[in-house]
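Novice: Pasting query-v8.csv here (CSV, C-alpha atoms):
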chain,number,residue,atom,x,y,z
A,1,MET,CA,108.2,95.3,123.9
A,2,GLN,CA,105.1,93.3,123.3
A,3,PHE,CA,102.0,94.9,124.8
A,4,LYS,CA,99.0,92.6,125.0
A,5,SER,CA,96.9,94.8,127.3
A,6,LEU,CA,96.5,98.3,128.5
A,7,PRO,CA,97.9,97.6,132.0
A,8,GLN,CA,101.1,96.1,130.4
A,9,LEU,CA,101.5,99.3,128.3
A,10,LEU,CA,101.0,101.6,131.3
A,11,ASP,CA,103.4,99.5,133.4
A,12,TYR,CA,106.1,99.9,130.8
A,13,PHE,CA,105.6,103.6,130.1
A,14,LYS,CA,105.8,104.8,133.7
A,15,GLU,CA,108.5,107.4,133.0
A,16,GLU,CA,108.3,110.2,130.4
A,17,SER,CA,111.9,109.5,129.4
A,18,THR,CA,111.0,105.9,128.5
A,19,CYS,CA,108.1,107.1,126.3
A,20,VAL,CA,110.4,109.6,124.5
A,21,GLU,CA,113.1,107.0,123.9
A,22,TYR,CA,110.5,104.6,122.6
A,23,TYR,CA,108.9,107.1,120.2
A,24,GLU,CA,112.3,108.4,119.0
A,25,ASN,CA,113.3,104.9,118.1
A,26,LEU,CA,110.0,104.4,116.2
A,27,ARG,CA,110.2,107.7,114.4
A,28,TRP,CA,113.9,108.1,113.7
A,29,GLY,CA,115.6,104.9,114.6
A,30,ASN,CA,119.3,105.7,115.3
A,31,GLU,CA,119.3,108.7,112.9
A,32,PRO,CA,117.4,111.7,114.4
A,33,HIS,CA,116.8,114.6,111.9
A,34,CYS,CA,115.5,118.1,112.1
A,35,PRO,CA,111.7,118.2,111.3
A,36,HIS,CA,112.2,121.9,110.1
A,37,CYS,CA,114.8,121.4,107.4
A,38,GLY,CA,115.6,117.7,107.4
A,39,CYS,CA,119.2,118.0,108.5
A,40,GLU,CA,120.6,114.9,110.0
A,41,ASN,CA,122.9,114.4,113.1
A,42,PRO,CA,121.6,117.2,115.3
A,43,TYR,CA,123.1,118.3,118.6
A,44,LYS,CA,121.8,116.6,121.7
A,45,THR,CA,120.6,119.0,124.3
A,46,ASN,CA,119.1,118.7,127.8
A,47,ARG,CA,115.6,119.2,126.4
A,48,GLY,CA,115.9,117.6,123.0
A,49,TYR,CA,117.9,118.5,120.0
A,50,LYS,CA,119.3,121.5,118.1
A,51,CYS,CA,119.8,121.5,114.3
A,52,ARG,CA,123.4,121.7,113.0
A,53,ASP,CA,122.4,123.6,109.9
A,54,LYS,CA,123.6,127.2,110.2
A,55,GLU,CA,120.5,128.6,108.3
A,56,CYS,CA,118.1,126.6,110.5
A,57,HIS,CA,119.8,126.1,113.9
A,58,LYS,CA,116.3,125.5,115.5
A,59,LYS,CA,115.7,123.6,118.7
A,60,PHE,CA,113.2,120.7,118.6
A,61,THR,CA,112.0,117.5,120.3
A,62,VAL,CA,110.6,114.3,118.9
A,63,LYS,CA,107.1,115.8,119.3
A,64,VAL,CA,107.6,118.6,116.6
A,65,GLY,CA,105.8,117.9,113.4
A,66,THR,CA,103.5,115.2,115.0
A,67,ILE,CA,100.1,115.0,116.6
A,68,PHE,CA,101.9,115.5,120.0
A,69,GLU,CA,103.3,118.9,119.1
A,70,ASN,CA,102.6,121.7,121.6
A,71,SER,CA,100.8,119.3,123.9
A,72,LYS,CA,101.5,119.4,127.6
A,73,ILE,CA,99.8,116.0,128.0
A,74,PRO,CA,102.4,113.3,129.0
A,75,PHE,CA,103.3,110.7,126.4
A,76,ARG,CA,101.9,108.0,128.8
A,77,ILE,CA,98.4,109.5,128.5
A,78,TRP,CA,98.7,109.8,124.7
A,79,PHE,CA,99.8,106.2,124.3
A,80,ALA,CA,96.9,105.0,126.5
A,81,ALA,CA,94.5,107.1,124.4
A,82,ILE,CA,95.8,105.7,121.1
A,83,TRP,CA,95.5,102.1,122.6
A,84,LEU,CA,91.9,102.6,123.7
A,85,CYS,CA,90.8,104.4,120.5
A,86,THR,CA,92.3,101.8,118.2
A,87,GLU,CA,91.3,98.7,120.3
A,88,HIS,CA,87.6,99.5,120.8
A,89,LYS,CA,85.9,98.2,117.7
A,90,LYS,CA,83.2,100.8,117.8
A,91,GLY,CA,85.3,103.7,119.2
A,92,ILE,CA,85.4,105.5,122.5
A,93,SER,CA,83.7,108.8,123.4
A,94,SER,CA,85.6,111.8,124.7
A,95,VAL,CA,83.5,111.6,127.9
A,96,GLN,CA,84.5,108.0,128.6
A,97,LEU,CA,88.2,108.6,127.6
A,98,ALA,CA,88.3,111.6,130.1
A,99,ILE,CA,87.0,109.3,132.9
A,100,ASP,CA,89.4,106.5,132.0
A,101,LEU,CA,92.6,108.7,131.8
A,102,GLY,CA,91.8,111.4,134.4
A,103,ILE,CA,91.7,114.3,131.9
A,104,THR,CA,89.0,116.9,131.0
A,105,GLN,CA,86.4,116.1,128.4
A,106,LYS,CA,87.6,119.0,126.3
A,107,THR,CA,91.2,117.6,126.4
A,108,ALA,CA,90.0,114.1,125.6
A,109,TRP,CA,87.9,115.5,122.6
A,110,PHE,CA,91.0,117.2,121.1
A,111,VAL,CA,93.2,114.1,121.8
A,112,LEU,CA,90.8,111.9,119.9
A,113,HIS,CA,90.6,114.3,116.9
A,114,ARG,CA,94.4,114.4,116.7
A,115,ILE,CA,94.4,110.6,116.8
A,116,ARG,CA,91.8,110.5,114.0
A,117,GLU,CA,94.1,112.8,112.0
A,118,MET,CA,96.9,110.3,112.5
A,119,LEU,CA,94.6,107.4,111.3
A,120,LYS,CA,93.9,109.2,108.0
A,121,GLU,CA,94.7,107.1,104.9
A,122,LYS,CA,95.1,108.9,101.7
A,123,ALA,CA,93.7,107.2,98.6
A,124,PRO,CA,94.9,103.6,99.3
A,125,GLN,CA,95.2,101.5,96.2
A,126,MET,CA,93.7,98.3,97.5
A,127,LEU,CA,92.9,96.0,94.7
A,128,GLY,CA,94.2,93.8,91.9
A,129,LYS,CA,92.5,92.9,88.6
A,130,GLU,CA,91.0,89.7,89.7
A,131,LYS,CA,89.7,91.0,93.1
A,132,MET,CA,86.0,91.3,93.9
A,133,VAL,CA,84.8,94.6,95.2
A,134,GLU,CA,81.5,95.8,96.7
A,135,THR,CA,80.3,99.3,96.6
A,136,ASP,CA,77.3,100.9,98.4
A,137,ALA,CA,76.1,104.0,100.1
A,138,THR,CA,74.6,104.5,103.5
A,139,TYR,CA,72.8,107.4,105.3
A,140,ILE,CA,73.8,108.7,108.7
A,141,GLY,CA,71.1,110.4,110.8
A,142,GLY,CA,67.9,109.9,112.7
A,143,LYS,CA,64.7,108.5,111.1
A,144,GLU,CA,62.1,111.0,110.2
A,145,LYS,CA,59.4,109.1,112.1
A,146,ASN,CA,61.3,109.2,115.3
A,147,LYS,CA,61.7,113.0,115.3
A,148,HIS,CA,59.5,115.4,117.2
A,149,LEU,CA,56.7,116.8,114.9
A,150,LYS,CA,58.2,120.3,114.9
A,151,LYS,CA,61.6,119.0,113.8
A,152,ARG,CA,60.3,116.9,110.9
A,153,ARG,CA,60.5,118.1,107.3
A,154,SER,CA,57.8,120.5,106.2
A,155,LYS,CA,55.4,119.2,103.5
A,156,ASP,CA,54.9,122.8,102.3
A,157,ASP,CA,58.6,123.7,102.0
A,158,LEU,CA,61.0,120.8,101.8
A,159,SER,CA,64.0,123.1,102.7
A,160,LEU,CA,62.5,123.8,106.2
A,161,THR,CA,61.3,121.9,109.2
A,162,ASN,CA,57.8,122.3,110.6
A,163,GLU,CA,59.2,124.9,113.1
A,164,GLY,CA,60.7,127.0,110.2
A,165,LYS,CA,64.3,126.1,110.7
A,166,PRO,CA,66.6,124.9,107.8
A,167,TYR,CA,66.0,121.2,107.2
A,168,LYS,CA,69.2,119.0,107.4
A,169,ALA,CA,69.0,115.8,105.4
A,170,LYS,CA,70.8,112.6,106.4
A,171,LYS,CA,74.6,112.5,105.7
A,172,THR,CA,75.5,110.4,102.7
A,173,VAL,CA,78.6,108.1,103.0
A,174,ILE,CA,79.8,106.0,100.1
A,175,GLY,CA,82.1,103.1,100.5
A,176,ILE,CA,84.0,100.4,98.6
A,177,ILE,CA,85.3,97.3,100.2
A,178,GLU,CA,87.4,94.4,98.9
A,179,ARG,CA,86.3,91.0,100.0
A,180,ASN,CA,88.8,89.9,102.6
A,181,GLY,CA,90.5,93.2,102.1
A,182,LYS,CA,90.3,96.9,102.9
A,183,VAL,CA,87.6,99.5,103.0
A,184,ALA,CA,87.6,103.1,101.8
A,185,LEU,CA,85.0,105.7,102.8
A,186,LYS,CA,83.9,109.2,101.7
A,187,TYR,CA,81.4,111.7,103.0
A,188,VAL,CA,79.6,113.2,100.0
A,189,SER,CA,76.7,115.6,99.2
A,190,GLY,CA,74.6,112.8,97.7
A,191,GLU,CA,74.6,109.3,96.1
A,192,THR,CA,75.1,110.7,92.6
A,193,THR,CA,76.7,109.0,89.6
A,194,GLN,CA,79.6,111.6,89.5
A,195,ASN,CA,80.4,111.2,93.2
A,196,MET,CA,80.4,107.4,93.0
A,197,LEU,CA,82.5,107.2,89.7
A,198,GLU,CA,85.2,109.6,90.9
A,199,PHE,CA,85.5,107.7,94.2
A,200,VAL,CA,85.7,104.2,92.7
A,201,LYS,CA,88.2,105.3,90.0
A,202,THR,CA,90.4,106.8,92.7
A,203,HIS,CA,90.7,103.4,94.6
A,204,VAL,CA,89.9,100.6,92.2
A,205,PRO,CA,92.0,99.7,89.0
A,206,GLN,CA,90.2,99.0,85.8
A,207,ASP,CA,89.0,95.5,85.0
A,208,ALA,CA,88.2,94.8,88.6
A,209,THR,CA,84.9,93.1,89.3
A,210,ILE,CA,82.4,95.4,91.2
A,211,TYR,CA,79.2,94.4,92.8
A,212,SER,CA,76.5,96.8,93.9
A,213,ASP,CA,72.7,97.1,94.4
A,214,GLU,CA,70.5,98.3,91.6
A,215,ALA,CA,70.7,102.1,92.4
A,216,PRO,CA,70.9,104.2,89.2
A,217,ALA,CA,74.2,105.8,90.3
A,218,TYR,CA,76.1,102.5,89.6
A,219,LYS,CA,75.0,102.0,86.0
A,220,GLN,CA,78.0,103.8,84.5
A,221,LEU,CA,80.4,101.4,86.2
A,222,LYS,CA,79.9,98.9,83.3
A,223,LYS,CA,81.9,101.2,81.0
A,224,THR,CA,85.1,100.8,83.0
A,225,TYR,CA,84.6,97.7,85.2
A,226,LYS,CA,83.1,94.2,85.2
A,227,HIS,CA,79.9,95.1,87.1
A,228,ASP,CA,76.9,93.2,88.3
A,229,ASN,CA,74.2,94.1,90.8
A,230,VAL,CA,71.8,92.4,93.2
A,231,LYS,CA,68.1,93.1,93.1
A,232,HIS,CA,67.2,94.2,96.6
A,233,ALA,CA,63.9,95.6,95.4
A,234,LEU,CA,62.9,92.1,94.5
A,235,ASN,CA,64.1,90.7,97.9
A,236,ILE,CA,67.0,89.1,96.2
A,237,TYR,CA,70.2,89.5,98.4
A,238,VAL,CA,72.6,86.8,97.1
A,239,GLU,CA,73.0,85.4,93.6
A,240,GLY,CA,76.2,83.2,93.6
A,241,GLN,CA,79.0,85.7,94.2
A,242,VAL,CA,76.8,88.7,93.5
A,243,HIS,CA,76.0,90.4,96.8
A,244,THR,CA,76.8,93.4,99.0
A,245,ASN,CA,76.7,91.6,102.3
A,246,THR,CA,80.4,92.4,103.1
A,247,ILE,CA,79.9,96.2,103.0
A,248,GLU,CA,76.5,95.9,104.7
A,249,SER,CA,78.2,94.2,107.6
A,250,PHE,CA,80.7,97.1,107.8
A,251,TRP,CA,77.9,99.6,107.7
A,252,SER,CA,76.3,97.9,110.8
A,253,VAL,CA,79.5,98.3,112.8
A,254,LEU,CA,79.9,102.0,111.7
A,255,LYS,CA,76.3,102.9,112.6
A,256,ARG,CA,76.3,101.1,115.9
A,257,GLY,CA,79.4,103.1,116.8
A,258,LEU,CA,78.2,106.5,115.6
A,259,TYR,CA,74.7,106.1,117.2
A,260,GLY,CA,75.7,104.1,120.3
A,261,VAL,CA,79.0,105.7,121.2
A,262,TYR,CA,79.1,109.2,119.7
A,263,HIS,CA,75.3,109.6,119.3
A,264,GLN,CA,75.7,112.3,116.6
A,265,VAL,CA,78.6,113.8,114.5
A,266,SER,CA,78.7,117.1,112.7
A,267,ASP,CA,79.2,117.7,108.9
A,268,LYS,CA,82.5,119.3,109.7
A,269,HIS,CA,84.0,116.3,111.6
A,270,ILE,CA,82.3,113.2,110.1
A,271,SER,CA,85.2,112.6,107.6
A,272,ARG,CA,87.6,112.1,110.6
A,273,TYR,CA,85.2,109.6,112.2
A,274,LEU,CA,85.1,107.7,108.9
A,275,ASP,CA,89.0,107.7,108.9
A,276,GLU,CA,88.9,106.2,112.4
A,277,TYR,CA,86.6,103.3,111.5
A,278,ALA,CA,88.3,102.6,108.2
A,279,ALA,CA,91.7,102.5,109.8
A,280,ARG,CA,90.6,100.0,112.5
A,281,PHE,CA,88.9,97.8,109.9
A,282,ASN,CA,91.9,97.8,107.5
A,283,ASN,CA,94.3,96.8,110.2
A,284,ARG,CA,92.0,94.3,111.9
A,285,ASN,CA,94.4,91.3,111.2
A,286,LEU,CA,97.3,92.9,113.1
A,287,THR,CA,98.0,92.2,116.8
A,288,SER,CA,97.3,94.9,119.3
A,289,ASN,CA,101.0,95.7,119.6
A,290,GLU,CA,101.5,95.8,115.9
A,291,ARG,CA,98.6,98.1,115.4
A,292,PHE,CA,99.8,100.4,118.2
A,293,ASN,CA,103.3,100.7,116.7
A,294,LEU,CA,101.9,101.1,113.1
A,295,PHE,CA,99.7,104.0,114.1
A,296,LEU,CA,102.5,105.6,116.2
A,297,GLU,CA,104.8,105.5,113.1
A,298,GLY,CA,102.2,107.4,111.1
A,299,SER,CA,101.7,110.1,113.7
A,300,GLU,CA,103.5,112.9,111.7
A,301,SER,CA,100.4,115.0,111.3
A,302,VAL,CA,99.7,118.4,112.9
A,303,LEU,CA,96.2,119.5,113.9
A,304,ARG,CA,95.6,122.8,115.7
A,305,TYR,CA,92.7,123.4,118.0
A,306,ASP,CA,91.5,126.5,116.1
A,307,THR,CA,91.2,124.3,113.0
A,308,LEU,CA,88.8,122.1,114.9
A,309,ILE,CA,86.5,124.8,116.3
A,310,GLY,CA,86.8,127.4,113.6
Go through the file and emit its structure as structure tokens.
Specialist:
Amino acid sequence: MQFKSLPQLLDYFKEESTCVEYYENLRWGNEPHCPHCGCENPYKTNRGYKCRDKECHKKFTVKVGTIFENSKIPFRIWFAAIWLCTEHKKGISSVQLAIDLGITQKTAWFVLHRIREMLKEKAPQMLGKEKMVETDATYIGGKEKNKHLKKRRSKDDLSLTNEGKPYKAKKTVIGIIERNGKVALKYVSGETTQNMLEFVKTHVPQDATIYSDEAPAYKQLKKTYKHDNVKHALNIYVEGQVHTNTIESFWSVLKRGLYGVYHQVSDKHISRYLDEYAARFNNRNLTSNERFNLFLEGSESVLRYDTLIG
């Protein structure tokens, strides 16, 4: 099926049996196998399957071992949530998703976090030797001048606010982006040389060309990579091919989403939000239908509710 819009998707997935058959075909093709032990050719039952292996012999459905496991929410609602989350360039809030799909805000919040777990990309190698890469850091959080006086950082004790509570600095996010390619993001404790070097080496092969601003954290890149920087402090933003405009453009989308849609994110969950934005950006050239199927195929992740709130 080719789904070009949400109404087309909902029209096709009217019955739960249709959703199950579609997802089974995506996940297993014509060869279902036990998610517990990997045994192939299980028994077909009224409610799903049963493993043929004598030591396992467990019952299961296509939901087991995926983000849908132990969920009473119909597949139709899940599919619509995945479509909305991956189609909205700046994301969708749990409040809005709850209104759109007729579920509670608490349920929508958990559904979105499971989808973000599905969108996680683990250390993608994105670059070739002759590719150009930009790296930069950004800071997530409100401006100090916009805060109420009692919530601002104390000048007497930098670890506290003016009302005596622990001061929380802005969240630091470092990123690398390939021109006309993919982006990789990481939430770190600060824009330090060690944080940046480890992250870049994880994703970028040696001898690639890296562009950055003049921050001291990037000076060590010259030992491993072809590196040049642009002098923002001198109001120089482009020198030939040397600029960081690509990643600055991505930061603008990220911040508009975090501030305008989600308003604020906690330290505990910010990495999942970064996975969401990176996944959408890295698959921006796919059609809506291709993107939907791709994310469904990668849904073999399990995330428990107590993991989120603990």
Novice: For CA of Val204 (chain A) and CA of Met118 (chain A), quote the distance in Å rounded to one decimal.
Specialist: 23.6 Å
Novice: Can you measure CA of Leu197 (chain A) to CA of Leu258 (chain A) for me? One decimal in Å is fine.
Specialist: 26.3 Å
Novice: For Leu221 (chain A), work out the shell of residues within 12 Å, counting all atoms listed in the file and skipping chain neighbours fewer than 4 positions away, then give it as a ChimeraX atom specification.
Specialist: /A:134-135,193-194,196-201,204,206-212,214-217,225-229
Novice: Give me the residues within 7 Å of region 259-267 of chain A as a list in words, counting all atoms listed in the file and dropping any in the same chain fewer than 2 places off.
Specialist: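 In the requested format, the answer is Gly91, Ile92, Ser93, Lys255, Arg256, Gly257, His269 and Ile270 of chain A.
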Novice: Pick out the residues sitting within 10 Å of Ile174 (chain A), and hand them over as a ChimeraX atom specification; count all atoms listed in the file, and ignore anything fewer than 5 positions along from it in its own chain.
Specialist: /A:135-139,184-188,190-191,195-196,199-200
Novice: When you draw a straight line from CA of Lys90 (chain A) to CA of Gly298 (chain A), how long is it in Å?
Specialist: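 Computing it gives 21.2 Å between the two atoms.
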Novice: Looking at A:Pro32, A:Lys268, A:Arg27, A:Asp213, which one is nearest to Leu234 (chain A), with distances taken over all atoms listed in the file?
Specialist: A:Asp213
Novice: For Arg284 (chain A), which residue out of A:Ser189, A:Thr86, A:Thr202, A:Thr66 is the nearest one, using all atoms listed in the file?
Specialist: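 Of all the options, A:Thr86 lies closest to Arg284 (chain A).
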Novice: Excluding Arg76 (chain A) and its own-chain neighbours fewer than 3 positions away, which residues fall within 12 Å of it when counting only C-alpha atoms? Please give them as a compact mmCIF listing (two decimals) with C-alpha atoms, in the coordinates of the input.
Specialist:
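Written output follows (selection15.txt):
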# COMPACT_ATOMS: atom_id res chain seq x y z
CA LEU A 6 96.50 98.30 128.50
CA PRO A 7 97.90 97.60 132.00
CA LEU A 9 101.50 99.30 128.30
CA LEU A 10 101.00 101.60 131.30
CA ASP A 11 103.40 99.50 133.40
CA TYR A 12 106.10 99.90 130.80
CA PHE A 13 105.60 103.60 130.10
CA LYS A 14 105.80 104.80 133.70
CA GLU A 15 108.50 107.40 133.00
CA GLU A 16 108.30 110.20 130.40
CA SER A 17 111.90 109.50 129.40
CA THR A 18 111.00 105.90 128.50
CA CYS A 19 108.10 107.10 126.30
CA VAL A 20 110.40 109.60 124.50
CA TYR A 22 110.50 104.60 122.60
CA TYR A 23 108.90 107.10 120.20
CA PHE A 68 101.90 115.50 120.00
CA LYS A 72 101.50 119.40 127.60
CA ILE A 73 99.80 116.00 128.00
CA PHE A 79 99.80 106.20 124.30
CA ALA A 80 96.90 105.00 126.50
CA ALA A 81 94.50 107.10 124.40
CA ILE A 82 95.80 105.70 121.10
CA TRP A 83 95.50 102.10 122.60
CA LEU A 101 92.60 108.70 131.80
Novice: At a cut-off of 8 Å, using all atoms listed in the file, what residues contact Arg179 (chain A)? Leave out same-chain residues fewer than 3 positions from it and give the result as JSON, numbers by chain.
Specialist: {"A": [131, 132, 133, 134, 182, 246]}
Novice: Save the residues we just selected, C-alpha atoms, as a CSV table (one decimal), keeping the file's coordinate frame?
Specialist:
chain,number,residue,atom,x,y,z
A,131,LYS,CA,89.7,91.0,93.1
A,132,MET,CA,86.0,91.3,93.9
A,133,VAL,CA,84.8,94.6,95.2
A,134,GLU,CA,81.5,95.8,96.7
A,182,LYS,CA,90.3,96.9,102.9
A,246,THR,CA,80.4,92.4,103.1
Novice: Between A:Glu248, A:Glu300, A:Glu163, A:Glu21, which one has atoms that come closest to Glu117 (chain A), using all atoms listed in the file?
Specialist: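 For Glu117 (chain A), the nearest of the candidates is A:Glu300.
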Novice: Between A:Glu290, A:Glu276, A:Glu69, A:Asp100, which is the closest to Arg116 (chain A) once you count all atoms listed in the file?
Specialist: A:Glu276
Novice: At most 7 Å from (84.4, 100.1, 109.1), file frame, all atoms listed in the file: which residues, as a PDB file with C-alpha atoms, keeping the file's coordinate frame?
Specialist:
ATOM      1  CA  VAL A 183      87.600  99.500 103.000  1.00  0.00           C
ATOM      2  CA  PHE A 250      80.700  97.100 107.800  1.00  0.00           C
ATOM      3  CA  TRP A 251      77.900  99.600 107.700  1.00  0.00           C
ATOM      4  CA  VAL A 253      79.500  98.300 112.800  1.00  0.00           C
ATOM      5  CA  LEU A 254      79.900 102.000 111.700  1.00  0.00           C
ATOM      6  CA  TYR A 277      86.600 103.300 111.500  1.00  0.00           C
ATOM      7  CA  ALA A 278      88.300 102.600 108.200  1.00  0.00           C
ATOM      8  CA  PHE A 281      88.900  97.800 109.900  1.00  0.00           C
TER       9      PHE A 281
END
